[in-house]
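K.L.:
Provided below: coords_31.txt, containing compact mmCIF, C-alpha atoms.
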```txt
# COMPACT_ATOMS: atom_id res chain seq x y z
CA MET D 1 0.00 0.00 0.00
CA SER D 2 2.82 2.42 0.84
CA PHE D 3 4.40 1.56 -2.54
CA LEU D 4 1.17 2.60 -4.30
CA LYS D 5 1.08 5.84 -2.33
CA ASN D 6 4.57 6.68 -3.50
CA ILE D 7 3.59 6.07 -7.14
CA LEU D 8 0.31 7.95 -7.03
CA GLY D 9 1.57 10.74 -4.83
CA LYS D 10 -0.17 12.25 -1.84
CA LYS D 11 -3.15 14.54 -2.18
CA ASP D 12 -2.66 18.12 -1.11
CA THR D 13 -3.94 18.98 2.35
CA PRO D 14 -7.41 20.56 2.02
CA ILE D 15 -7.54 24.34 2.42
CA ASN D 16 -9.89 25.15 5.29
CA SER D 17 -8.51 28.50 6.41
CA SER D 18 -6.26 31.37 5.38
CA SER D 19 -3.46 29.75 7.38
CA ASP D 20 -3.80 26.55 5.33
CA PHE D 21 -3.62 28.59 2.14
CA TRP D 22 -0.49 30.48 3.14
CA ASN D 23 1.20 27.30 4.34
CA TRP D 24 0.57 25.82 0.90
CA PHE D 25 1.78 28.99 -0.80
CA LEU D 26 4.99 29.02 1.24
CA LYS D 27 5.85 25.56 -0.03
CA ASN D 28 5.56 26.73 -3.63
CA GLU D 29 6.48 30.41 -3.58
CA LYS D 30 10.06 30.05 -4.89
CA GLU D 31 8.87 28.15 -7.95
CA PHE D 32 6.00 30.60 -8.47
CA PHE D 33 8.43 33.52 -8.22
CA LYS D 34 10.62 32.10 -10.99
CA ILE D 35 7.60 31.49 -13.22
CA VAL D 36 6.30 35.07 -12.93
CA GLN D 37 9.78 36.56 -13.25
CA SER D 38 10.46 34.55 -16.42
CA ARG D 39 7.00 35.37 -17.83
CA LYS D 40 6.82 31.83 -19.19
CA ASN D 41 3.95 29.34 -18.71
CA ILE D 42 2.31 31.59 -16.11
CA ASN D 43 -1.17 30.24 -16.84
CA THR D 44 -0.34 26.54 -16.57
CA ASP D 45 2.39 26.62 -13.93
CA PHE D 46 1.04 29.33 -11.61
CA PHE D 47 -2.54 30.40 -12.31
CA ASP D 48 -3.90 26.88 -12.80
CA LYS D 49 -2.43 25.85 -9.45
CA LEU D 50 -3.38 29.01 -7.57
CA ALA D 51 -7.02 29.28 -8.70
CA PRO D 52 -8.35 26.03 -7.17
CA LYS D 53 -6.58 26.74 -3.86
CA LEU D 54 -8.13 30.19 -3.63
CA ASN D 55 -11.49 28.65 -4.48
CA GLU D 56 -11.09 26.35 -1.48
CA VAL D 57 -10.66 29.43 0.72
CA HIS D 58 -13.77 31.05 -0.77
CA SER D 59 -15.43 31.14 -4.16
CA GLY D 60 -15.13 34.32 -6.17
CA ILE D 61 -11.50 35.28 -5.51
CA TYR D 62 -9.72 36.41 -8.67
CA PHE D 63 -6.15 37.58 -9.12
CA LEU D 64 -3.63 39.57 -11.13
CA THR D 65 0.14 39.27 -11.00
CA GLY D 66 3.28 40.83 -12.38
CA MET D 67 6.66 42.22 -11.36
CA PHE D 68 6.28 45.09 -8.89
CA ASP D 69 10.00 45.78 -9.34
CA ASP D 70 13.00 43.73 -10.50
CA GLN D 71 13.07 41.67 -7.31
CA THR D 72 9.41 41.60 -6.24
CA VAL D 73 6.33 39.82 -7.57
CA GLU D 74 3.00 41.47 -6.75
CA LEU D 75 -0.08 39.28 -6.37
CA ILE D 76 -3.31 41.28 -6.35
CA LEU D 77 -6.44 39.52 -5.12
CA THR D 78 -9.73 40.96 -6.34
CA PRO D 79 -13.46 40.15 -5.96
CA ASP D 80 -14.00 41.49 -9.49
CA GLY D 81 -16.67 43.91 -8.25
CA ALA D 82 -18.49 41.52 -5.86
CA ILE D 83 -19.07 43.53 -2.67
CA LYS D 84 -19.78 40.39 -0.61
CA ASN D 85 -16.26 39.03 -1.19
CA ILE D 86 -14.25 42.12 -0.20
CA TYR D 87 -13.96 41.10 3.45
CA VAL D 88 -12.62 37.64 2.50
CA ILE D 89 -9.83 39.09 0.39
CA GLU D 90 -8.90 41.76 2.93
CA GLU D 91 -8.68 39.16 5.71
CA LEU D 92 -6.70 36.75 3.54
CA VAL D 93 -4.13 39.43 2.65
CA ASN D 94 -3.97 40.67 6.25
CA ASN D 95 -3.02 37.14 7.29
CA ALA D 96 -0.31 36.80 4.64
CA PRO D 97 3.18 36.05 5.96
CA GLN D 98 6.17 38.20 5.06
CA ILE D 99 7.79 36.43 2.10
CA LYS D 100 10.92 37.87 0.55
CA GLY D 101 10.30 38.79 -3.07
CA TRP D 102 6.50 38.95 -2.74
CA LYS D 103 3.99 41.78 -2.29
CA PHE D 104 0.36 40.83 -1.60
CA THR D 105 -2.36 43.40 -2.29
CA ALA D 106 -6.07 43.28 -1.44
CA LEU D 107 -8.17 44.77 -4.28
CA LYS D 108 -6.85 46.61 -7.30
CA PRO D 109 -4.95 49.68 -6.07
CA ALA D 110 -5.44 53.23 -7.30
CA SER D 111 -3.09 54.50 -10.01
CA ASN D 112 -1.88 57.86 -11.20
CA ILE D 113 -4.31 58.78 -13.95
CA LYS D 114 -1.39 59.59 -16.26
CA ASP D 115 -0.55 55.88 -16.17
CA VAL D 116 -4.09 54.61 -16.77
CA SER D 117 -4.92 53.63 -20.33
CA ILE D 118 -7.33 50.73 -20.81
CA ASN D 119 -7.83 48.86 -24.08
CA TYR D 120 -11.08 46.90 -24.08
CA GLU D 121 -12.91 45.38 -27.05
CA ASP D 122 -10.94 47.56 -29.51
CA TYR D 123 -11.74 50.76 -27.56
CA GLU D 124 -9.25 52.85 -25.61
CA PHE D 125 -10.17 54.61 -22.37
CA LYS D 126 -7.90 57.34 -21.01
CA LYS D 127 -8.10 60.76 -19.41
CA GLU D 128 -8.06 62.52 -22.78
CA ASN D 129 -11.35 60.98 -23.96
CA LEU D 130 -13.34 60.82 -20.69
CA LYS D 131 -15.17 63.54 -18.74
CA PHE D 132 -17.99 63.55 -16.20
CA TYR D 133 -20.61 65.59 -14.41
CA PRO D 134 -22.66 64.81 -11.26
CA ASN D 135 -26.43 64.48 -11.36
CA LEU D 136 -27.86 66.24 -8.31
CA ASP D 137 -31.37 65.54 -7.02
CA LYS D 138 -32.77 67.45 -4.04
CA ASN D 139 -34.90 64.41 -3.16
CA TYR D 140 -31.78 62.23 -2.89
CA PRO D 141 -29.04 64.63 -1.81
CA ASP D 142 -26.63 61.95 -0.59
CA GLU D 143 -26.58 59.86 -3.75
CA ILE D 144 -23.49 60.00 -5.93
CA ASP D 145 -25.00 59.76 -9.39
CA LEU D 146 -22.57 60.32 -12.27
CA THR D 147 -22.77 60.76 -16.00
CA ILE D 148 -19.57 59.76 -17.80
CA ILE D 149 -18.95 61.20 -21.26
CA TYR D 150 -16.88 59.12 -23.67
CA ASP D 151 -15.71 60.76 -26.88
CA HIS D 152 -16.26 57.67 -29.03
CA PHE D 153 -19.64 56.68 -27.60
CA THR D 154 -22.15 54.82 -29.79
CA GLU D 155 -25.53 53.61 -28.55
CA GLU D 156 -25.16 50.11 -30.05
CA LYS D 157 -21.91 49.57 -28.10
CA LYS D 158 -23.21 51.06 -24.86
CA GLY D 159 -22.78 47.89 -22.79
CA ILE D 160 -19.20 47.30 -23.95
CA LEU D 161 -18.26 50.93 -23.35
CA ALA D 162 -19.74 50.89 -19.83
CA ASN D 163 -17.67 47.79 -19.00
CA GLY D 164 -14.54 49.48 -20.32
CA ILE D 165 -15.21 52.56 -18.20
CA TYR D 166 -15.76 50.42 -15.07
CA ILE D 167 -12.36 48.82 -15.69
CA PHE D 168 -10.83 52.28 -16.16
CA LEU D 169 -12.36 53.50 -12.88
CA ASP D 170 -11.13 50.40 -11.02
CA ASN D 171 -7.59 51.22 -12.09
CA TYR D 172 -7.83 54.97 -11.60
CA LEU D 173 -9.78 55.19 -8.34
CA GLY D 174 -8.78 51.83 -6.89
CA GLU D 175 -11.27 48.98 -6.75
CA LEU D 176 -12.59 49.74 -3.25
CA HIS D 177 -13.58 53.32 -4.10
CA SER D 178 -14.84 52.36 -7.53
CA VAL D 179 -17.33 49.77 -6.26
CA THR D 180 -18.38 51.42 -2.98
CA LEU D 181 -18.53 55.19 -3.52
CA ILE D 182 -20.47 55.51 -6.79
CA ASP D 183 -24.21 54.89 -6.41
CA ASN D 184 -25.32 55.22 -10.04
CA MET D 185 -23.51 55.78 -13.32
CA ARG D 186 -24.54 56.18 -16.93
CA VAL D 187 -22.44 56.62 -20.06
CA ILE D 188 -23.28 59.01 -22.91
CA GLY D 189 -21.62 60.73 -25.87
CA ASN D 190 -20.69 64.38 -26.41
CA ASN D 191 -23.79 65.08 -28.49
CA GLU D 192 -26.09 64.42 -25.50
CA VAL D 193 -24.38 66.82 -23.08
CA ALA D 194 -26.34 69.65 -21.51
CA GLU D 195 -24.08 70.26 -18.51
CA GLU D 196 -20.65 71.73 -17.89
CA LEU D 197 -18.11 68.93 -18.26
CA ILE D 198 -15.45 68.16 -15.66
CA PRO D 199 -12.12 66.49 -16.54
CA ILE D 200 -12.11 62.85 -15.38
CA GLU D 201 -8.88 63.44 -13.39
CA LYS D 202 -10.95 65.52 -10.95
CA LEU D 203 -13.32 62.65 -10.18
CA LYS D 204 -11.17 61.19 -7.40
CA ASN D 205 -11.13 64.44 -5.41
CA TYR D 206 -14.86 64.90 -6.02
CA LEU D 207 -15.63 61.44 -4.60
CA ILE D 208 -13.35 61.95 -1.59
CA TRP D 209 -15.08 65.26 -0.83
CA ARG D 210 -18.58 63.73 -1.15
CA GLU D 211 -17.64 60.76 1.06
CA LYS D 212 -16.16 63.07 3.72
CA GLU D 213 -19.38 65.09 3.78
CA PHE D 214 -21.45 61.91 4.02
CA ILE D 215 -19.43 60.52 6.93
CA GLU D 216 -19.57 63.82 8.84
CA LYS D 217 -23.33 63.99 8.31
CA TYR D 218 -24.15 60.47 9.52
CA GLU D 219 -21.24 59.48 11.78
CA GLY D 220 -22.60 57.67 14.84
CA THR D 221 -26.22 57.65 13.62
CA ARG D 222 -28.05 54.66 15.07
CA HIS D 223 -31.67 53.60 15.46
CA ASN D 224 -33.09 51.54 18.33
CA THR D 225 -35.85 49.29 16.99
CA GLU D 226 -37.14 48.16 20.41
CA HIS D 227 -40.28 50.30 20.34
CA ASP D 228 -40.85 50.40 16.59
CA GLY D 229 -44.17 49.62 14.99
CA TYR D 230 -44.67 46.71 12.57
CA ALA D 231 -47.32 45.97 9.97
CA SER D 232 -48.37 42.70 8.38
CA PHE D 233 -49.03 42.50 4.65
CA GLU D 234 -50.89 39.72 2.87
CA GLY D 235 -51.36 39.25 -0.85
CA LYS D 236 -51.33 36.72 -3.64
CA THR D 237 -48.57 35.68 -6.01
CA LYS D 238 -49.11 35.50 -9.78
CA GLU D 239 -49.43 31.75 -9.38
CA GLY D 240 -52.23 32.17 -6.81
CA GLY D 241 -50.16 31.44 -3.72
CA ILE D 242 -50.04 33.57 -0.58
CA VAL D 243 -47.51 36.31 0.19
CA LEU D 244 -46.99 37.19 3.85
CA ALA D 245 -44.75 40.04 5.00
CA VAL D 246 -43.95 41.66 8.33
CA ILE D 247 -42.29 45.06 7.95
CA ASN D 248 -40.94 47.64 10.40
CA THR D 249 -43.05 50.61 9.26
CA THR D 250 -41.40 52.98 11.73
CA LEU D 251 -38.09 52.42 9.95
CA LEU D 252 -39.65 53.08 6.54
CA GLN D 253 -40.60 56.57 7.77
CA TRP D 254 -37.14 57.29 9.20
CA ASP D 255 -35.53 60.42 7.76
CA LYS D 256 -31.95 59.14 8.12
CA LYS D 257 -32.15 56.06 5.90
CA ALA D 258 -28.97 57.02 4.06
CA SER D 259 -26.96 56.47 7.25
CA HIS D 260 -27.51 52.72 6.68
CA PRO D 261 -26.95 52.54 2.91
CA TRP D 262 -26.22 48.83 2.43
CA ILE D 263 -29.18 46.52 1.85
CA LEU D 264 -28.77 42.86 2.82
CA ILE D 265 -31.35 40.39 1.52
CA VAL D 266 -31.15 36.86 2.87
CA GLY D 267 -33.03 34.18 0.94
CA ILE D 268 -33.96 30.83 2.51
CA PRO D 269 -35.78 28.41 0.15
CA TYR D 270 -37.92 25.75 1.79
CA GLU D 271 -39.84 22.70 0.57
CA GLU D 272 -42.27 21.73 3.31
CA THR D 273 -45.51 23.70 3.00
CA ASP D 274 -49.06 23.64 4.27
CA GLU D 275 -52.13 23.76 2.04
CA SER D 276 -51.68 27.53 1.42
CA GLY D 277 -48.17 27.13 0.06
CA LEU D 278 -46.60 28.71 3.13
CA PRO D 279 -44.12 26.77 5.30
CA ASP D 280 -45.56 24.21 7.66
CA ASN D 281 -45.29 24.76 11.43
CA GLU D 282 -41.97 22.97 11.86
CA THR D 283 -40.39 24.81 8.92
CA TYR D 284 -41.76 28.13 10.20
CA LYS D 285 -40.10 27.48 13.53
CA ARG D 286 -36.74 26.69 11.93
CA LEU D 287 -36.90 29.75 9.67
CA ASP D 288 -37.65 31.96 12.66
CA GLU D 289 -34.72 30.46 14.55
CA ILE D 290 -32.35 31.27 11.69
CA GLU D 291 -33.69 34.83 11.52
CA ASP D 292 -33.15 35.20 15.28
CA GLU D 293 -29.62 33.89 14.83
CA ILE D 294 -28.86 36.51 12.20
CA THR D 295 -30.38 39.29 14.31
CA LEU D 296 -28.25 38.32 17.31
CA SER D 297 -25.13 38.78 15.18
CA LEU D 298 -26.32 41.88 13.34
CA THR D 299 -27.76 44.17 16.00
CA ASP D 300 -29.31 47.61 15.59
CA ALA D 301 -26.86 49.03 18.16
CA ASP D 302 -24.00 48.05 15.85
CA GLY D 303 -25.67 49.52 12.79
CA TYR D 304 -27.72 46.64 11.32
CA LEU D 305 -31.47 47.19 11.13
CA ASN D 306 -33.91 44.32 10.56
CA VAL D 307 -36.40 45.94 8.19
CA GLY D 308 -38.65 42.89 7.96
CA ARG D 309 -39.30 39.70 6.05
CA GLU D 310 -41.43 38.26 3.27
CA THR D 311 -42.55 34.68 2.82
CA ALA D 312 -43.87 33.42 -0.53
CA ASN D 313 -43.15 31.02 -3.38
CA ASN D 314 -41.31 28.55 -1.14
CA LYS D 315 -38.87 31.19 0.02
CA ARG D 316 -38.35 33.32 3.12
CA GLU D 317 -36.55 36.63 2.51
CA ILE D 318 -35.16 38.68 5.39
CA PHE D 319 -34.27 42.34 4.90
CA PHE D 320 -31.58 44.35 6.67
CA ALA D 321 -30.32 47.91 6.20
CA CYS D 322 -26.67 48.08 7.21
CA LYS D 323 -24.09 50.65 8.20
CA ASP D 324 -21.28 48.76 6.48
CA PHE D 325 -20.79 46.00 3.93
CA ARG D 326 -18.07 43.86 5.54
CA LYS D 327 -19.61 42.19 8.60
CA PRO D 328 -22.95 41.02 7.07
CA PRO D 329 -21.32 38.76 4.43
CA LYS D 330 -18.99 37.32 7.05
CA VAL D 331 -21.95 36.49 9.31
CA LEU D 332 -23.95 34.99 6.41
CA ASP D 333 -21.06 32.90 5.08
CA ALA D 334 -20.68 31.33 8.55
CA LEU D 335 -24.46 30.79 8.76
CA ILE D 336 -24.52 29.09 5.35
CA LYS D 337 -21.81 26.64 6.43
CA LYS D 338 -23.70 25.88 9.63
CA HIS D 339 -27.07 25.20 7.96
CA ASN D 340 -26.04 23.95 4.51
CA LYS D 341 -27.43 20.47 5.18
CA THR D 342 -30.88 21.85 5.98
CA PHE D 343 -31.36 24.97 3.85
CA GLU D 344 -29.71 26.37 0.72
CA ILE D 345 -29.34 29.87 2.15
CA ASN D 346 -28.25 32.65 -0.20
CA TYR D 347 -27.83 36.38 0.13
CA GLU D 348 -26.99 39.59 -1.69
CA ILE D 349 -25.72 42.96 -0.45
CA TYR D 350 -25.84 46.16 -2.45
CA LYS D 351 -25.98 49.93 -2.00
CA ASP D 352 -29.37 51.62 -1.82
CA LYS D 353 -29.06 54.81 0.24
CA TYR D 354 -32.76 55.64 0.14
CA TRP D 355 -34.07 52.07 0.54
CA LYS D 356 -35.91 52.17 -2.77
CA SER D 357 -36.00 48.36 -2.52
CA PHE D 358 -38.75 48.64 0.10
CA ARG D 359 -40.82 51.39 -1.50
CA HIS D 360 -43.68 49.00 -2.31
CA TYR D 361 -44.24 48.58 1.44
CA GLU D 362 -44.58 52.29 2.13
CA PRO D 363 -48.11 53.71 2.57
CA LYS D 364 -49.52 55.17 -0.62
```
Could you write out this file's structure as structure tokens?

P.N.:
Amino acid sequence: MSFLKNILGKKDTPINSSSDFWNWFLKNEKEFFKIVQSRKNINTDFFDKLAPKLNEVHSGIYFLTGMFDDQTVELILTPDGAIKNIYVIEELVNNAPQIKGWKFTALKPASNIKDVSINYEDYEFKKENLKFYPNLDKNYPDEIDLTIIYDHFTEEKKGILANGIYIFLDNYLGELHSVTLIDNMRVIGNNEVAEELIPIEKLKNYLIWREKEFIEKYEGTRHNTEHDGYASFEGKTKEGGIVLAVINTTLLQWDKKASHPWILIVGIPYEETDESGLPDNETYKRLDEIEDEITLSLTDADGYLNVGRETANNKREIFFACKDFRKPPKVLDALIKKHNKTFEINYEIYKDKYWKSFRHYEPK
């Protein structure tokens, strides 16, 4: 048997933590360094080995690499725009050991705009052909809504051009600012402009100024939900089933919604139902226990407000408005691991400063 093991080789130790990953990386880093430095067979000899190991840490971790200087390889880990995976990458890089010849970076860093020129789908994006102006709305004063003007804009290529501009902004602003500071963005051509245009190199300072104002306005804002009022909603689905919702109506009338700009929606599909299509008693109890578990970890005192829940179509959805975007995914990822044999829990987190997601629950 030992003879067969020697022939077949031993399987790599499973990666169950960031420590496991870095222990594996340490065993291979010298070989990886040579591969990147030589610029030969990087895909097969480095990327194809690195990708599955990162996937064992957490799905959705992507990477870029190259020579930072003559003696240092830089490995940049990126969520490729997925807000929910930022915390994973930041924690993984924070736990990285000091390795001579290596620089580990969480998220794509900001660059001097003079050095940013992106070629995407036969289009070039650079400071000379991009400008912007902010769209200001007195009803939504805290939103950062931008119009980007691209000199070579065509309507039929709008999707491609928007993707190219997002890549440009990632490199210019840095990925963290690019995906977290801008609320809405649209792309147009010069012929549609009715506003004074601002050079794109001024966008970074504009965003920093707006974020500083926002933080000063809402720093320390919290809401205690203990005495809030709740309302029950009942309706029918298109298929004729029942929709039940319980919503914190006091929160929906709050005038400081923007202080908790991140919306977390947790989805819990279920199979066992009663004759109305809603969960049976045992399933209801288990769903409520999971919701209580989430609420114990995400408290209003810490900046996480349970807005309510909706049950319909074999799915319970739980809604939170959050002060930040890092802790909720960490809590939900742990919850998913704990309950993955019972429920296929999923979640999404996105920015919605004025809670437009819940507008259909507001009184008409």

K.L.:
Identify which of the residues D:Phe358, D:Glu271, D:Phe320, D:Asp151 lies closest to Phe343 of chain D, counting only C-alpha atoms when measuring atom-to-atom distances.

P.N.:
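Answer, going by the shortest atom-to-atom distance: D:Glu271.
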
K.L.:
What lies within 12 Å of Thr311 of chain D using only C-alpha atoms, ignoring chain neighbours under 3 positions off, as number ranges by chain?

P.N.:
D: 232-237, 241-247, 266-270, 273, 276-280, 283-284, 287-288, 308, 314-319

K.L.:
Tell me which of D:Ala321, D:Leu181, D:Ala82, D:Leu130 sits closest to Ala162 of chain D, counting all atoms listed in the file.

P.N.:
D:Leu130

K.L.:
Could you please determine the separation between atom CA of Asn16 of chain D and atom CA of Thr72 of chain D in Å, to one decimal place?

P.N.:
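Between atom CA of Asn16 of chain D and atom CA of Thr72 of chain D the gap is 27.9 Å.
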
K.L.:
Got a sec: who's within 12 Å of Ser19 of chain D, counting only C-alpha atoms, leaving out chain neighbours fewer than 6 positions off, as a list in words?

P.N.:
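Here the qualifying residues turn out to be Thr13, Phe25, Leu26, Leu54, Val57, Glu91, Leu92, Val93, Asn94, Asn95, Ala96 and Pro97 of chain D.
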
K.L.:
What is the atom CA of Leu176 of chain D-atom CA of Asp352 of chain D distance in Å, reported with one decimal?

P.N.:
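Pair atom CA of Leu176 of chain D / atom CA of Asp352 of chain D returns 16.9 Å.
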
K.L.:
With only C-alpha atoms as the atoms that count, which of D:Leu173, D:Leu197, D:Leu298, D:Leu207 lies nearest to Phe325 of chain D?

P.N.:
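Smallest distance to Phe325 of chain D is found for D:Leu298.
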
K.L.:
Tell me, as an NGL selection string, which residues lie within 8 Å of segment 223-229 of chain D, counting only C-alpha atoms; anything in the same chain fewer than 5 positions away does not count.

P.N.:
:D and (248-251 or 300-301 or 303 or 305)

K.L.:
Please compute the atom CA of Lys353 of chain D-atom CA of Leu107 of chain D distance, one decimal, in Å.

P.N.:
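Rounded to one decimal, the two atoms are 23.6 Å apart.
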
K.L.:
Name the residues within 12 Å of (-9.9, 61.1, -5.1), counting all atoms listed in the file in the file's coordinates, and put them as an MDAnalysis selection string.

P.N.:
chainID D and resid 110:113 169 172:174 176:178 181 200:212

K.L.:
Contacts of segment 155-161 of chain D at 9 Å or less, counting only C-alpha atoms, minus same-chain residues fewer than 3 places along, as a PyMOL selection string?

P.N.:
chain D and resi 120-121+123+125+150+164-166+187-189

K.L.:
I'd like to know which of D:Val193, D:Ile61, D:Ala334, D:Ile35 is closest to Ile83 of chain D, using only C-alpha atoms.

P.N.:
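For Ile83 of chain D, the nearest of the given residues is D:Ile61.
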
K.L.:
Counting all atoms listed in the file, which residues sit no farther than 8 Å from the position (-20.8, 66.3, -14.7) in the file's frame? I'd like them as a PyMOL selection string.

P.N.:
chain D and resi 131-135+146-148+195-198

K.L.:
Please identify all polymer residues within 8 Å of Thr295 of chain D, counting all atoms listed in the file, omitting same-chain residues fewer than 4 positions from it, and present them as an NGL selection string.

P.N.:
:D and (291 or 299 or 306)

K.L.:
Restricting the calculation to all atoms listed in the file, which member of D:His58, D:Lys34, D:Lys257, D:Arg39 is positioned closest to Ile15 of chain D?

P.N.:
D:His58
